Amino acid sequence: MESENIEQSYSEHLDTSNELKNAIKKVDFDLATDYAEIGLDSFVTDEVLKEIPIVKTLVGLTRGALKVREIHFAKKLMTFLKHFHSGKLSEDKMNGFKREFEENTSYRERVLEQIMIYNDRFIEVNKSEIYANLFLAHLNGKYNWESFLSLSSCLEKLNLSTIDFFHEMAKESKPFYRGYSQFDDNVALLITAGLIQQWGTHIQITAHGIYLYFYGILGDTNHTFDNPAEETNNHSAQQGA
């Protein structure tokens, strides 16, 4: 029995991987739909939604009992795919990615693995949207694969309740630089995620924080700056302020 369950789980994994591969290469669903706002029940009851191949694979289970985790995973993947295909990436760069994705087996498996692993780990569906933005920024040449993996880890640790605090920091006279308060939970949460750091009596955004804020949270995948540190001003000048 255990051997059969392992074999079934592996088969389901291959089915999901194959459908995700197809969904990345071509759009076979409505890009106008906000999948993050759709209730979990709709992934089972909505006749159009449940016929989307990857949704059908994950939640149209004929092999076993329906599980909330599979439905939630489908919702996160659909959110990721919607924003991936709707993102601001030039046709040339998207075609270049799809060509590499199609022809390079090792690259394709690496991409599929990361997309499935992190979308599965996220609790909040909105993180899948941010994740798609980060992936598009990587494809747009804003940072390499290793940096994308590091940002993926930061996003997993990010508490979404701190995003408003990020917006507040962006509006400071010295953007992303303000006085440190040990009693502010946002500070502790963002430091834990590797997105801000303490400098003496002040806090300042990290390079990972800059990337995640502009490319991921704001979705500005075309944002350009020579050096992320420039967005936070010169460290030594700030410390001397």
# chains A, B, ... in the order shown; residues from 1 in each chain; ligands from 1
$ residues_around --residues "range 18-21 of chain A" --least-positions-apart "3" --cutoff "10 Å" --atoms "only C-alpha atoms" --output "JSON, numbers by chain"
{"A": [12, 13, 14, 15, 24, 25, 26, 52, 53, 54, 55, 56, 57, 58, 77, 78, 81, 101, 102, 108, 109, 111, 112, 115, 116]}
$ residues_around --residues "range 83-87 of chain A" --least-positions-apart "3" --cutoff "7 Å" --atoms "only C-alpha atoms" --output "PDB file with N, CA and C atoms, in the first residue's frame"
ATOM      1  N   THR A  79      -2.485  32.302  -9.815  1.00  0.00           N
ATOM      2  CA  THR A  79      -2.127  33.694  -9.539  1.00  0.00           C
ATOM      3  C   THR A  79      -0.739  33.999 -10.098  1.00  0.00           C
ATOM      4  N   PHE A  80       0.200  33.088  -9.868  1.00  0.00           N
ATOM      5  CA  PHE A  80       1.554  33.251 -10.408  1.00  0.00           C
ATOM      6  C   PHE A  80       1.517  33.329 -11.931  1.00  0.00           C
ATOM      7  N   GLU A 129       1.872  36.453  -6.544  1.00  0.00           N
ATOM      8  CA  GLU A 129       1.935  37.598  -7.453  1.00  0.00           C
ATOM      9  C   GLU A 129       3.300  38.278  -7.352  1.00  0.00           C
ATOM     10  N   ALA A 132       5.924  36.138  -9.024  1.00  0.00           N
ATOM     11  CA  ALA A 132       5.913  36.245 -10.488  1.00  0.00           C
ATOM     12  C   ALA A 132       6.657  37.509 -10.926  1.00  0.00           C
ATOM     13  N   ASN A 133       6.450  38.605 -10.193  1.00  0.00           N
ATOM     14  CA  ASN A 133       7.142  39.850 -10.510  1.00  0.00           C
ATOM     15  C   ASN A 133       8.655  39.698 -10.365  1.00  0.00           C
ATOM     16  N   LEU A 136       9.977  37.697 -13.292  1.00  0.00           N
ATOM     17  CA  LEU A 136      10.023  38.509 -14.507  1.00  0.00           C
ATOM     18  C   LEU A 136      11.207  39.471 -14.482  1.00  0.00           C
TER      19      LEU A 136
END
$ select_by_dssp --residues "range 10-237 of chain A" --states "strand (DSSP E)" --output "count of residues only"
11
$ select_by_dssp --residues "range 6-231 of chain A" --states "alpha helix (DSSP H)" --output "MDAnalysis selection string"
chainID A and resid 6:25 42:45 53:59 68:86 91:103 105:121 126:139 145:157 163:170 185:192 207:211
$ atom_distance --atom1 "CA of Asp120 in chain A" --atom2 "CA of Phe73 in chain A"
5.8 Å
